[in-house]
file run.txt (compact mmCIF, C-alpha atoms and all ligand atoms)
# COMPACT_ATOMS: atom_id res chain seq x y z
CA MET A 1 131.50 169.18 129.78
CA GLU A 2 133.02 169.89 133.13
CA TYR A 3 132.20 167.86 136.22
CA LYS A 4 131.92 169.64 139.55
CA ASN A 5 132.92 166.85 141.88
CA ASN A 6 133.41 163.09 142.30
CA SER A 7 129.70 162.35 142.82
CA ASP A 8 128.91 163.83 139.38
CA ILE A 9 131.57 161.64 137.79
CA ASN A 10 130.16 158.59 139.57
CA MET A 11 126.65 159.40 138.28
CA VAL A 12 127.89 159.63 134.68
CA LEU A 13 129.78 156.35 135.05
CA LEU A 14 126.68 154.71 136.44
CA GLN A 15 124.62 155.96 133.49
CA TRP A 16 127.21 154.51 131.07
CA VAL A 17 127.12 151.19 132.87
CA MET A 18 123.30 151.15 132.72
CA LEU A 19 123.40 151.94 129.01
CA TYR A 20 125.99 149.20 128.49
CA ARG A 21 123.92 146.69 130.35
CA CYS A 22 120.92 147.39 128.14
CA ARG A 23 122.96 147.18 124.96
CA MET A 24 124.89 144.10 125.96
CA ARG A 25 121.74 141.97 126.03
CA LEU A 26 121.92 142.13 122.28
CA GLY A 27 125.64 142.77 121.93
CA PRO A 28 128.69 140.59 121.26
CA GLY A 29 130.01 138.05 123.78
CA SER A 30 133.29 139.74 124.80
CA ALA A 31 131.62 143.03 125.77
CA PHE A 32 128.96 141.06 127.59
CA HIS A 33 131.56 139.24 129.70
CA LEU A 34 133.36 142.52 130.49
CA LEU A 35 130.12 144.01 131.67
CA ARG A 36 129.33 140.89 133.63
CA CYS A 37 132.64 141.24 135.54
CA VAL A 38 131.80 144.84 136.38
CA GLN A 39 128.31 143.83 137.40
CA LEU A 40 129.53 140.96 139.59
CA ARG A 41 132.10 143.14 141.36
CA SER A 42 129.50 145.81 141.85
CA CYS A 43 127.00 143.26 143.15
CA SER A 44 129.48 141.66 145.52
CA ARG A 45 130.42 145.08 146.86
CA LYS A 46 126.78 145.90 147.45
CA GLY A 47 126.16 142.48 149.07
CA ARG A 48 123.23 141.67 146.75
CA ASN A 49 124.49 138.18 145.91
CA ARG A 50 123.49 136.49 149.14
CA LEU A 51 121.37 133.74 147.60
CA PRO A 52 122.20 130.13 148.60
CA LEU A 53 125.00 128.53 146.61
CA TRP A 54 122.79 125.89 144.99
CA VAL A 55 120.40 128.57 143.70
CA ARG A 56 123.29 130.55 142.21
CA GLU A 57 124.71 127.38 140.63
CA LEU A 58 121.33 126.45 139.17
CA TRP A 59 120.91 129.97 137.84
CA ALA A 60 124.43 129.92 136.36
CA TYR A 61 123.76 126.55 134.72
CA THR A 62 120.45 127.76 133.26
CA ARG A 63 122.13 130.90 131.92
CA LEU A 64 124.92 128.81 130.40
CA LEU A 65 122.37 126.49 128.84
CA MET A 66 120.46 129.37 127.31
CA GLN A 67 123.65 131.03 126.11
CA SER A 68 124.87 127.81 124.52
CA LEU A 69 121.57 127.65 122.62
CA CYS A 70 121.22 131.31 121.71
CA PHE A 71 124.72 132.81 121.52
CA ASN A 72 126.52 130.10 119.54
CA SER A 73 127.73 131.42 116.20
CA LEU A 74 126.83 128.02 114.61
CA THR A 75 123.27 128.09 115.90
CA ASP A 76 120.64 128.01 113.17
CA SER A 77 116.94 127.21 112.97
CA ASP A 78 117.65 123.44 112.65
CA VAL A 79 119.63 123.36 115.90
CA VAL A 80 116.96 125.33 117.76
CA PHE A 81 114.23 123.09 116.31
CA ASP A 82 116.14 119.92 117.28
CA SER A 83 116.79 121.24 120.80
CA VAL A 84 113.19 122.31 121.41
CA PHE A 85 111.73 119.05 120.09
CA GLU A 86 114.39 116.77 121.56
CA PRO A 87 112.07 115.60 124.40
CA VAL A 88 109.35 114.80 121.83
CA PHE A 89 111.78 112.82 119.65
CA TRP A 90 113.13 111.04 122.71
CA THR A 91 109.61 110.08 123.86
CA VAL A 92 108.62 108.81 120.39
CA ASP A 93 111.86 106.80 120.10
CA TYR A 94 111.40 105.36 123.58
CA ILE A 95 107.78 104.34 122.93
CA THR A 96 108.66 102.83 119.53
CA ARG A 97 111.53 100.90 121.14
CA TRP A 98 109.28 99.64 123.90
CA PHE A 99 106.38 98.82 121.57
CA GLY A 100 108.76 96.95 119.25
CA MET A 101 108.32 93.70 121.17
CA VAL A 102 104.54 94.23 121.37
CA PHE A 103 104.35 94.64 117.57
CA VAL A 104 106.49 91.54 117.01
CA CYS A 105 104.22 89.51 119.30
CA LEU A 106 101.19 90.88 117.43
CA VAL A 107 102.61 89.79 114.06
CA VAL A 108 103.43 86.31 115.39
CA ILE A 109 100.00 85.86 117.02
CA LEU A 110 98.01 87.08 113.98
CA THR A 111 100.06 85.02 111.51
CA SER A 112 99.81 81.93 113.73
CA SER A 113 96.03 82.36 114.04
CA ILE A 114 95.68 82.33 110.24
CA MET A 115 97.86 79.20 110.03
CA VAL A 116 95.74 77.45 112.66
CA ILE A 117 92.53 78.33 110.79
CA ALA A 118 94.10 77.11 107.52
CA TYR A 119 95.05 73.72 108.98
CA VAL A 120 92.06 73.14 111.29
CA VAL A 121 89.24 74.65 109.26
CA LEU A 122 90.28 74.89 105.61
CA LEU A 123 92.34 71.74 105.18
CA PRO A 124 89.43 69.35 105.99
CA LEU A 125 87.29 71.23 103.48
CA VAL A 126 89.97 70.95 100.78
CA LEU A 127 90.49 67.24 101.46
CA ASN A 128 86.74 66.53 101.45
CA THR A 129 85.66 68.47 98.41
CA TYR A 130 88.55 69.15 96.00
CA THR A 131 89.99 66.98 93.23
CA PRO A 132 93.44 65.38 93.85
CA LEU A 133 95.14 67.95 91.60
CA TRP A 134 93.64 70.88 93.49
CA ILE A 135 94.49 69.23 96.82
CA LEU A 136 98.12 68.90 95.67
CA TRP A 137 98.20 72.56 94.56
CA HIS A 138 96.77 73.86 97.84
CA LEU A 139 99.06 71.68 99.97
CA CYS A 140 102.21 72.65 98.04
CA TYR A 141 101.46 76.36 97.60
CA GLY A 142 100.04 76.88 101.09
CA ASN A 143 102.95 75.19 102.86
CA TRP A 144 105.56 76.87 100.62
CA ILE A 145 104.09 80.31 101.45
CA ILE A 146 104.06 79.54 105.18
CA VAL A 147 107.72 78.44 105.09
CA MET A 148 108.78 81.51 103.09
CA ILE A 149 106.91 83.96 105.36
CA SER A 150 108.22 82.39 108.57
CA PHE A 151 111.81 82.14 107.32
CA HIS A 152 112.05 85.71 106.01
CA TYR A 153 110.32 87.24 109.02
CA TYR A 154 112.65 85.46 111.42
CA LYS A 155 115.74 86.42 109.42
CA ALA A 156 114.62 90.05 108.96
CA ALA A 157 113.99 90.45 112.69
CA LYS A 158 117.08 88.60 113.94
CA THR A 159 119.73 89.67 111.39
CA LEU A 160 121.61 92.80 112.43
CA PRO A 161 121.39 95.43 109.68
CA GLY A 162 125.09 96.28 110.09
CA GLY A 163 126.92 99.36 111.31
CA PRO A 164 130.24 101.04 110.55
CA PRO A 165 133.18 99.74 112.64
CA LYS A 166 133.81 101.62 115.88
CA GLU A 167 137.59 101.28 115.76
CA LYS A 168 139.84 103.27 113.41
CA ASN A 169 139.87 102.01 109.81
CA ASP A 170 140.74 103.10 106.30
CA SER A 171 137.25 102.77 104.81
CA PRO A 172 136.14 105.81 102.83
CA PHE A 173 133.46 107.96 104.45
CA VAL A 174 131.33 110.85 103.30
CA SER A 175 130.43 112.64 106.55
CA ILE A 176 130.55 112.49 110.34
CA CYS A 177 127.57 111.34 112.42
CA LYS A 178 126.68 114.13 114.87
CA LYS A 179 125.22 111.64 117.36
CA CYS A 180 127.89 108.87 117.26
CA ILE A 181 130.77 111.29 116.48
CA MET A 182 132.00 108.66 114.01
CA PRO A 183 132.73 108.67 110.26
CA LYS A 184 129.74 107.72 108.11
CA PRO A 185 130.34 105.67 104.93
CA ALA A 186 128.18 106.30 101.86
CA ARG A 187 124.48 105.29 102.28
CA THR A 188 124.87 105.09 106.09
CA HIS A 189 122.38 106.93 108.31
CA HIS A 190 121.82 107.28 112.04
CA CYS A 191 118.77 105.56 113.58
CA GLY A 192 117.44 107.40 116.62
CA ILE A 193 115.56 104.33 117.87
CA CYS A 194 118.52 101.92 117.64
CA ASN A 195 120.76 104.85 118.63
CA ARG A 196 123.51 103.93 116.18
CA CYS A 197 124.52 104.32 112.55
CA ILE A 198 123.12 101.74 110.11
CA LEU A 199 124.78 100.71 106.84
CA LYS A 200 122.57 101.36 103.78
CA MET A 201 119.73 102.22 106.12
CA ASP A 202 116.24 101.98 104.64
CA HIS A 203 114.06 102.61 107.70
CA HIS A 204 113.41 101.42 111.25
CA CYS A 205 110.61 98.84 111.18
CA PRO A 206 108.58 98.59 114.43
CA TRP A 207 106.93 95.37 113.15
CA LEU A 208 110.38 93.73 113.10
CA ASN A 209 111.70 95.67 116.11
CA ASN A 210 114.80 96.10 113.99
CA CYS A 211 116.33 98.49 111.51
CA VAL A 212 116.19 97.55 107.84
CA GLY A 213 119.70 97.97 106.47
CA HIS A 214 122.41 96.41 104.36
CA PHE A 215 122.38 92.88 105.82
CA ASN A 216 118.60 92.33 106.23
CA HIS A 217 117.05 94.46 103.47
CA ARG A 218 116.50 91.42 101.22
CA TYR A 219 114.82 89.47 104.05
CA PHE A 220 112.51 92.40 104.74
CA PHE A 221 111.47 92.75 101.10
CA SER A 222 110.99 88.99 100.64
CA TYR A 223 108.86 88.89 103.77
CA CYS A 224 106.63 91.69 102.40
CA LEU A 225 106.39 89.95 99.03
CA PHE A 226 105.51 86.49 100.37
CA MET A 227 103.14 87.90 102.96
CA THR A 228 101.30 89.72 100.16
CA LEU A 229 101.18 86.52 98.07
CA GLY A 230 99.93 84.55 101.07
CA CYS A 231 97.24 87.07 101.90
CA PHE A 232 95.99 87.24 98.31
CA TYR A 233 96.02 83.44 98.16
CA CYS A 234 93.75 83.26 101.24
CA THR A 235 91.55 86.10 99.96
CA ILE A 236 91.00 84.64 96.49
CA SER A 237 90.71 80.95 97.36
CA GLY A 238 88.55 81.64 100.42
CA ARG A 239 86.19 84.11 98.74
CA ASN A 240 83.25 81.72 98.24
CA LEU A 241 83.72 80.24 101.66
CA PHE A 242 83.70 83.71 103.18
CA LEU A 243 80.49 84.64 101.32
CA ASP A 244 78.79 81.44 102.56
CA ALA A 245 79.98 82.02 106.12
CA TYR A 246 78.97 85.67 106.02
CA ASN A 247 75.49 84.93 104.64
CA ALA A 248 74.98 82.17 107.23
CA HIS A 249 76.15 84.52 109.97
CA GLU A 250 73.75 87.25 108.81
CA ARG A 251 70.83 84.80 108.60
CA LEU A 252 71.55 83.29 111.99
CA LYS A 253 71.76 86.70 113.63
CA HIS A 254 68.00 87.00 113.17
CA LEU A 255 67.18 83.53 114.48
CA ASP A 256 67.15 82.04 117.93
CA MET A 257 70.65 80.53 118.34
CA ASP A 258 69.63 78.10 121.04
CA LYS A 259 66.80 76.66 119.00
CA PRO A 260 67.86 73.46 117.25
CA GLY A 261 67.05 72.92 113.61
CA VAL A 262 68.71 75.92 111.95
CA ALA A 263 69.89 74.72 108.57
CA ILE A 264 73.39 75.18 107.19
CA THR A 265 73.78 74.96 103.46
CA GLY A 266 76.59 74.98 100.93
CA ASN A 267 80.25 74.17 101.60
CA LEU A 268 80.03 74.98 105.28
CA GLY A 269 77.79 72.00 105.90
CA LEU A 270 80.33 69.70 104.33
CA LEU A 271 83.13 71.42 106.18
CA VAL A 272 81.80 70.76 109.64
CA GLY A 273 80.53 67.31 108.69
CA LEU A 274 76.96 68.18 109.58
CA LEU A 275 75.45 67.57 106.19
CA SER A 276 75.52 64.28 104.41
CA ALA A 277 75.60 64.19 100.61
CA ALA A 278 71.87 63.40 100.62
CA GLN A 279 71.10 66.43 102.76
CA THR A 280 73.05 68.76 100.46
CA ASN A 281 71.15 67.29 97.52
CA GLY A 282 67.76 68.30 98.74
CA ASP A 283 66.95 66.43 101.94
CA THR A 284 64.87 68.80 104.03
CA SER A 285 65.83 67.55 107.50
CA ALA A 286 67.99 70.34 108.89
CA PRO A 287 71.07 69.78 111.09
CA VAL A 288 71.70 71.44 114.42
CA TYR A 289 73.74 74.66 114.43
CA THR A 290 76.17 74.24 117.31
CA LEU A 291 78.71 76.49 119.01
CA LYS A 292 81.45 74.77 117.03
CA ASP A 293 79.77 75.73 113.76
CA LYS A 294 79.42 79.28 114.98
CA MET A 295 83.14 79.43 115.80
CA ILE A 296 84.05 78.03 112.38
CA ASN A 297 81.83 80.60 110.72
CA LYS A 298 83.45 83.43 112.62
CA SER A 299 86.98 82.18 112.10
CA ILE A 300 86.44 82.09 108.33
CA ILE A 301 85.10 85.64 108.36
CA TYR A 302 88.02 86.75 110.58
CA MET A 303 90.57 85.11 108.31
CA TRP A 304 89.16 86.63 105.13
CA VAL A 305 88.81 90.18 106.55
CA LEU A 306 92.32 90.09 108.07
CA THR A 307 94.09 88.63 105.02
CA SER A 308 92.31 90.92 102.55
CA THR A 309 93.13 94.12 104.49
CA VAL A 310 96.70 93.08 105.29
CA GLY A 311 97.10 91.94 101.67
CA VAL A 312 96.17 95.40 100.34
CA ALA A 313 98.46 97.20 102.83
CA MET A 314 101.40 94.84 102.32
CA GLY A 315 100.83 94.87 98.55
CA ALA A 316 101.15 98.66 98.46
CA LEU A 317 104.28 98.50 100.64
CA THR A 318 105.82 95.79 98.43
CA ILE A 319 105.13 97.76 95.23
CA TRP A 320 106.65 100.90 96.78
CA HIS A 321 109.81 99.09 97.86
CA GLY A 322 109.95 97.29 94.50
CA LEU A 323 109.98 100.66 92.73
CA LEU A 324 112.76 101.91 95.01
CA ILE A 325 114.86 98.78 94.44
CA SER A 326 114.37 99.16 90.66
CA LYS A 327 115.87 102.65 90.94
CA GLY A 328 118.72 101.48 93.20
CA GLU A 329 117.74 103.65 96.16
CA THR A 330 116.53 103.23 99.72
CA SER A 331 113.55 104.99 101.37
CA ILE A 332 115.91 107.61 102.85
CA GLU A 333 117.84 108.07 99.61
CA ARG A 334 114.55 108.64 97.82
CA HIS A 335 114.16 111.97 99.66
CA ILE A 336 117.85 112.86 99.36
CA ASN A 337 117.94 112.09 95.64
CA LYS A 338 114.72 114.02 95.02
CA LYS A 339 116.13 117.07 96.79
CA GLU A 340 119.46 116.78 94.99
CA ALA A 341 117.78 116.38 91.59
CA LYS A 342 115.73 119.54 92.27
CA ARG A 343 118.83 121.48 93.30
CA MET A 344 120.78 120.41 90.22
CA THR A 345 117.87 121.11 87.89
CA LYS A 346 117.93 124.72 89.08
CA GLN A 347 121.60 124.81 88.06
CA GLY A 348 120.70 123.36 84.65
CA LYS A 349 122.29 119.96 85.42
CA ILE A 350 120.90 116.41 85.55
CA TYR A 351 121.34 114.37 88.72
CA LYS A 352 122.41 110.72 88.36
CA ASN A 353 122.08 108.30 91.25
CA PRO A 354 125.54 106.67 91.57
CA PHE A 355 124.00 103.43 92.93
CA ASN A 356 121.58 102.92 90.03
CA TYR A 357 122.89 100.28 87.60
CA GLY A 358 119.71 99.74 85.61
CA LYS A 359 116.54 97.92 86.63
CA LEU A 360 117.60 94.30 86.09
CA ASN A 361 121.09 94.79 87.54
CA ASN A 362 119.64 96.54 90.59
CA TRP A 363 117.44 93.52 91.24
CA LYS A 364 120.37 91.12 90.69
CA VAL A 365 122.49 93.06 93.17
CA PHE A 366 119.67 93.30 95.68
CA LEU A 367 118.68 89.61 95.52
CA GLY A 368 122.24 88.29 95.12
CA VAL A 369 121.51 86.62 91.78
CA GLU A 370 124.74 85.75 89.95
CA LYS A 371 123.47 83.00 87.64
CA LYS A 372 120.07 81.89 86.33
CA SER A 373 119.61 79.05 88.83
CA HIS A 374 119.82 81.61 91.66
CA TRP A 375 116.39 82.96 90.70
CA VAL A 376 115.04 79.66 92.05
CA THR A 377 117.51 78.74 94.78
CA ARG A 378 118.05 82.24 96.18
CA VAL A 379 114.71 83.91 95.47
CA LEU A 380 111.96 81.27 95.42
CA LEU A 381 113.47 79.10 98.16
CA PRO A 382 114.68 80.10 101.63
CA SER A 383 118.28 81.24 101.31
CA GLY A 384 120.60 82.75 103.88
CA HIS A 385 123.25 84.07 101.46
CA PRO A 386 124.77 87.40 102.52
CA PRO A 387 124.46 90.55 100.38
CA TYR A 388 127.32 91.72 98.20
CA GLY A 389 130.06 93.68 99.92
CA ASP A 390 130.49 95.01 103.42
CA GLY A 391 128.00 97.87 103.09
CA MET A 392 130.74 100.51 103.31
CA THR A 393 132.16 100.50 99.80
CA TRP A 394 130.09 100.12 96.64
CA ASP A 395 132.59 99.07 94.02
CA PHE A 396 132.57 95.33 94.43
CA PHE A 397 129.97 93.65 92.20
CA PRO A 398 131.18 90.41 90.58
CA PHE A 399 129.41 91.33 87.35
CA LYS A 400 130.46 94.96 87.47
CA GLN A 401 131.65 94.80 83.86
CA ASP A 402 128.01 94.21 82.87
CA LEU A 403 126.75 97.14 84.88
CA ILE A 404 125.99 100.31 83.03
CA PRO A 405 125.46 103.24 85.38
CA VAL A 406 122.22 105.03 84.49
ZN ZN B 501 125.26 107.64 114.24
ZN ZN B 502 116.69 101.43 114.04
call {"tool": "encode", "arguments": {"input": "run.txt", "output": "structure tokens"}}
result
Amino acid sequence: MEYKNNSDINMVLLQWVMLYRCRMRLGPGSAFHLLRCVQLRSCSRKGRNRLPLWVRELWAYTRLLMQSLCFNSLTDSDVVFDSVFEPVFWTVDYITRWFGMVFVCLVVILTSSIMVIAYVVLLPLVLNTYTPLWILWHLCYGNWIIVMISFHYYKAAKTLPGGPPKEKNDSPFVSICKKCIMPKPARTHHCGICNRCILKMDHHCPWLNNCVGHFNHRYFFSYCLFMTLGCFYCTISGRNLFLDAYNAHERLKHLDMDKPGVAITGNLGLLVGLLSAAQTNGDTSAPVYTLKDKMINKSIIYMWVLTSTVGVAMGALTIWHGLLISKGETSIERHINKKEAKRMTKQGKIYKNPFNYGKLNNWKVFLGVEKKSHWVTRVLLPSGHPPYGDGMTWDFFPFKQDLIPV
């Protein structure tokens, strides 16, 4: 084709530039930048770029932001998903962090309320009505459970779960944390709420306001176990008392509360000291139902409902964590191992968890039991012994020769 003059050539060039501009929206980065230079020079010549500096800077920043998200060769669906939902994750983490103290206060208040009811309401009943052997049992078991729950909750909440060292070291690692930009040893994971890497991380517990990791995993599990035992103890031993209180409450709902002469029968009468032995044995003169009796009634119902529901929930949690410990894995590793086992099955291979040493050995490692007496001193009594190893290497067990990897 032959061009007649300069204006024709300019028109063709302009058409090429227009075509380029359209294509470059989808095209590679280098061509895009070349076109951008042409465009900028053209724009500056035409005087179209007269917007205030701050607007141009904001626009340039927004463009750069979008390009860093969309034009990066490493960008995949996970990165886009993380970027889009980052504000949501941040909000959830922030709320969980803030509510951590509220949850801890809630646990302390609810547990203390049950203890108060046990000492103020139940203890007089036990002392008045039970045989010396039963009194001894309730005093020993009840106080032992309270000590174990309080000790393990305090230790689980206050003990740091442990993190990899920040300074340079020779410890082996398996990957790099994208958030901390630090090497991650085996079994270490990043917690978004604590905003750091946690050794042998199990999960972040809002009820402890702490991560459950290498150094406090045993305290967490023992707390769950003893809380379950304590709740079931209250539920089973207080069942008859609850039924009496509930029936009395239901009956009294239909009567005039202010009218004296409403009779209380059964254990409750003995409990509040309103009924003498003669009255419980058939004397028809009815005692007065006071506000104090009403409060006792309600506190027994409250205690039974709370301990039975918490007992079921904590029981399920304890069983779940017990199963994981038996298999030598944490809550996070459960998902990783499941995925890995699936992947290897497709390849016709069998996946073996490298941290599974058999059920009994897993429990010994977890609880720190080295000899038989430790089952009592380290498991059934409060014990502050540290877990085996530093949480970064997993080849340290004192009875390793007995361990048979499964
Ligand atoms: Zn990290
Ligand atoms: Zn955490």
call {"tool": "closest_residue", "arguments": {"input": "run.txt", "among": "A:His152, A:Arg187, A:Arg50, A:Arg97", "to": "Cys211 of chain A", "atoms": "only C-alpha atoms"}}
result
A:Arg97
call {"tool": "closest_residue", "arguments": {"input": "run.txt", "among": "A:Leu241, A:Leu208, A:Leu291, A:Ile350", "to": "ligand ZN 502 (chain B)", "atoms": "all atoms listed in the file"}}
result
A:Leu208
call {"tool": "atom_distance", "arguments": {"input": "run.txt", "atom1": "atom CA of Val92 of chain A", "atom2": "atom CA of Gly192 of chain A"}}
result
9.7 Å
call {"tool": "closest_atom_pairs", "arguments": {"input": "run.txt", "of": "chain A", "to": "ligand ZN 501 (chain B)", "cutoff": "10 Å", "atoms": "all atoms listed in the file", "output": "CSV"}}
result
residue,atom,partner,partner_atom,distance
A:Gly163,CA,B:ZN501,ZN,8.9
A:Pro164,CA,B:ZN501,ZN,9.1
A:Ile176,CA,B:ZN501,ZN,8.2
A:Cys177,CA,B:ZN501,ZN,4.7
A:Lys178,CA,B:ZN501,ZN,6.7
A:Lys179,CA,B:ZN501,ZN,5.1
A:Cys180,CA,B:ZN501,ZN,4.2
A:Ile181,CA,B:ZN501,ZN,7.0
A:Met182,CA,B:ZN501,ZN,6.8
A:Pro183,CA,B:ZN501,ZN,8.5
A:Lys184,CA,B:ZN501,ZN,7.6
A:Thr188,CA,B:ZN501,ZN,8.5
A:His189,CA,B:ZN501,ZN,6.6
A:His190,CA,B:ZN501,ZN,4.1
A:Cys191,CA,B:ZN501,ZN,6.8
A:Gly192,CA,B:ZN501,ZN,8.2
A:Cys194,CA,B:ZN501,ZN,9.5
A:Asn195,CA,B:ZN501,ZN,6.9
A:Arg196,CA,B:ZN501,ZN,4.5
A:Cys197,CA,B:ZN501,ZN,3.8
A:Ile198,CA,B:ZN501,ZN,7.5
call {"tool": "atom_distance", "arguments": {"input": "run.txt", "atom1": "atom CA of Leu324 of chain A", "atom2": "atom CA of Leu229 of chain A"}}
result
19.5 Å
call {"tool": "atom_distance", "arguments": {"input": "run.txt", "atom1": "atom CA of Asn356 of chain A", "atom2": "atom CA of Ser175 of chain A"}}
result
21.1 Å
call {"tool": "residues_around", "arguments": {"input": "run.txt", "residues": "Leu381 of chain A", "least_positions_apart": "4", "cutoff": "8 Å", "atoms": "only C-alpha atoms", "output": "JSON list (two decimals) with C-alpha atoms, in the coordinates of the input"}}
result
[["chain", "number", "residue", "atom", "x", "y", "z"],
["A", 148, "MET", "CA", 108.78, 81.51, 103.09],
["A", 376, "VAL", "CA", 115.04, 79.66, 92.05],
["A", 377, "THR", "CA", 117.51, 78.74, 94.78]]
call {"tool": "residues_around", "arguments": {"input": "run.txt", "residues": "Leu323 of chain A", "least_positions_apart": "4", "cutoff": "12 Å", "atoms": "all atoms listed in the file", "output": "PyMOL selection string"}}
result
chain A and resi 221+316-319+327-331+334+359-360+362-363
call {"tool": "closest_residue", "arguments": {"input": "run.txt", "among": "A:Met295, A:His385, A:Leu139, A:Glu57", "to": "Pro124 of chain A", "atoms": "only C-alpha atoms"}}
result
A:Leu139
call {"tool": "closest_residue", "arguments": {"input": "run.txt", "among": "A:Ile300, A:Val212, A:Val84, A:Val104", "to": "ligand ZN 502 (chain B)", "atoms": "all atoms listed in the file"}}
result
A:Val212
call {"tool": "residues_around", "arguments": {"input": "run.txt", "residues": "Val379 of chain A", "least_positions_apart": "6", "cutoff": "10 Å", "atoms": "only C-alpha atoms", "output": "list in words"}}
result
Met148, Arg218, Ser222, Leu367, Gly368, Val369 and Ser373 of chain A
call {"tool": "residues_around", "arguments": {"input": "run.txt", "residues": "Asp390 of chain A", "least_positions_apart": "2", "cutoff": "10 Å", "atoms": "all atoms listed in the file", "output": "VMD selection string"}}
result
chain A and resid 162 to 164 199 214 to 215 386 to 388 392 to 394 396
call {"tool": "write_last_selection", "arguments": {"input": "run.txt", "atoms": "C-alpha atoms", "output": "PDB file, in the frame of the given file"}}
result
ATOM      1  CA  GLY A 162     125.090  96.280 110.090  1.00  0.00           C
ATOM      2  CA  GLY A 163     126.920  99.360 111.310  1.00  0.00           C
ATOM      3  CA  PRO A 164     130.240 101.040 110.550  1.00  0.00           C
ATOM      4  CA  LEU A 199     124.780 100.710 106.840  1.00  0.00           C
ATOM      5  CA  HIS A 214     122.410  96.410 104.360  1.00  0.00           C
ATOM      6  CA  PHE A 215     122.380  92.880 105.820  1.00  0.00           C
ATOM      7  CA  PRO A 386     124.770  87.400 102.520  1.00  0.00           C
ATOM      8  CA  PRO A 387     124.460  90.550 100.380  1.00  0.00           C
ATOM      9  CA  TYR A 388     127.320  91.720  98.200  1.00  0.00           C
ATOM     10  CA  MET A 392     130.740 100.510 103.310  1.00  0.00           C
ATOM     11  CA  THR A 393     132.160 100.500  99.800  1.00  0.00           C
ATOM     12  CA  TRP A 394     130.090 100.120  96.640  1.00  0.00           C
ATOM     13  CA  PHE A 396     132.570  95.330  94.430  1.00  0.00           C
TER      14      PHE A 396
END
call {"tool": "decode", "arguments": {"input": "run.txt", "residues": "segment 103-117 of chain A", "atoms": "N, CA and C atoms", "output": "PDB file, in the first residue's frame"}}
result
ATOM      1  N   PHE A 103     -14.105 -14.500  77.196  1.00  0.00           N
ATOM      2  CA  PHE A 103     -14.334 -15.945  77.341  1.00  0.00           C
ATOM      3  C   PHE A 103     -13.644 -16.487  78.595  1.00  0.00           C
ATOM      4  N   VAL A 104     -12.433 -16.013  78.852  1.00  0.00           N
ATOM      5  CA  VAL A 104     -11.709 -16.476  80.043  1.00  0.00           C
ATOM      6  C   VAL A 104     -12.482 -16.073  81.304  1.00  0.00           C
ATOM      7  N   CYS A 105     -12.959 -14.837  81.337  1.00  0.00           N
ATOM      8  CA  CYS A 105     -13.746 -14.378  82.499  1.00  0.00           C
ATOM      9  C   CYS A 105     -15.007 -15.219  82.658  1.00  0.00           C
ATOM     10  N   LEU A 106     -15.627 -15.561  81.513  1.00  0.00           N
ATOM     11  CA  LEU A 106     -16.854 -16.373  81.547  1.00  0.00           C
ATOM     12  C   LEU A 106     -16.576 -17.745  82.157  1.00  0.00           C
ATOM     13  N   VAL A 107     -15.471 -18.369  81.731  1.00  0.00           N
ATOM     14  CA  VAL A 107     -15.106 -19.694  82.271  1.00  0.00           C
ATOM     15  C   VAL A 107     -14.878 -19.596  83.774  1.00  0.00           C
ATOM     16  N   VAL A 108     -14.138 -18.573  84.194  1.00  0.00           N
ATOM     17  CA  VAL A 108     -13.811 -18.421  85.623  1.00  0.00           C
ATOM     18  C   VAL A 108     -15.096 -18.180  86.434  1.00  0.00           C
ATOM     19  N   ILE A 109     -15.982 -17.327  85.923  1.00  0.00           N
ATOM     20  CA  ILE A 109     -17.214 -17.001  86.667  1.00  0.00           C
ATOM     21  C   ILE A 109     -18.118 -18.234  86.774  1.00  0.00           C
ATOM     22  N   LEU A 110     -18.312 -18.939  85.641  1.00  0.00           N
ATOM     23  CA  LEU A 110     -19.207 -20.111  85.659  1.00  0.00           C
ATOM     24  C   LEU A 110     -18.649 -21.212  86.565  1.00  0.00           C
ATOM     25  N   THR A 111     -17.326 -21.466  86.440  1.00  0.00           N
ATOM     26  CA  THR A 111     -16.737 -22.521  87.281  1.00  0.00           C
ATOM     27  C   THR A 111     -16.819 -22.129  88.763  1.00  0.00           C
ATOM     28  N   SER A 112     -16.538 -20.869  89.050  1.00  0.00           N
ATOM     29  CA  SER A 112     -16.603 -20.417  90.451  1.00  0.00           C
ATOM     30  C   SER A 112     -18.024 -20.531  90.998  1.00  0.00           C
ATOM     31  N   SER A 113     -19.018 -20.229  90.160  1.00  0.00           N
ATOM     32  CA  SER A 113     -20.414 -20.305  90.629  1.00  0.00           C
ATOM     33  C   SER A 113     -20.790 -21.737  91.023  1.00  0.00           C
ATOM     34  N   ILE A 114     -20.287 -22.703  90.244  1.00  0.00           N
ATOM     35  CA  ILE A 114     -20.565 -24.114  90.570  1.00  0.00           C
ATOM     36  C   ILE A 114     -19.864 -24.492  91.890  1.00  0.00           C
ATOM     37  N   MET A 115     -18.648 -24.004  92.062  1.00  0.00           N
ATOM     38  CA  MET A 115     -17.905 -24.300  93.304  1.00  0.00           C
ATOM     39  C   MET A 115     -18.632 -23.710  94.515  1.00  0.00           C
ATOM     40  N   VAL A 116     -19.129 -22.497  94.363  1.00  0.00           N
ATOM     41  CA  VAL A 116     -19.855 -21.840  95.465  1.00  0.00           C
ATOM     42  C   VAL A 116     -21.106 -22.645  95.816  1.00  0.00           C
ATOM     43  N   ILE A 117     -21.841 -23.062  94.793  1.00  0.00           N
ATOM     44  CA  ILE A 117     -23.062 -23.860  95.035  1.00  0.00           C
ATOM     45  C   ILE A 117     -22.687 -25.172  95.729  1.00  0.00           C
TER      46      ILE A 117
END
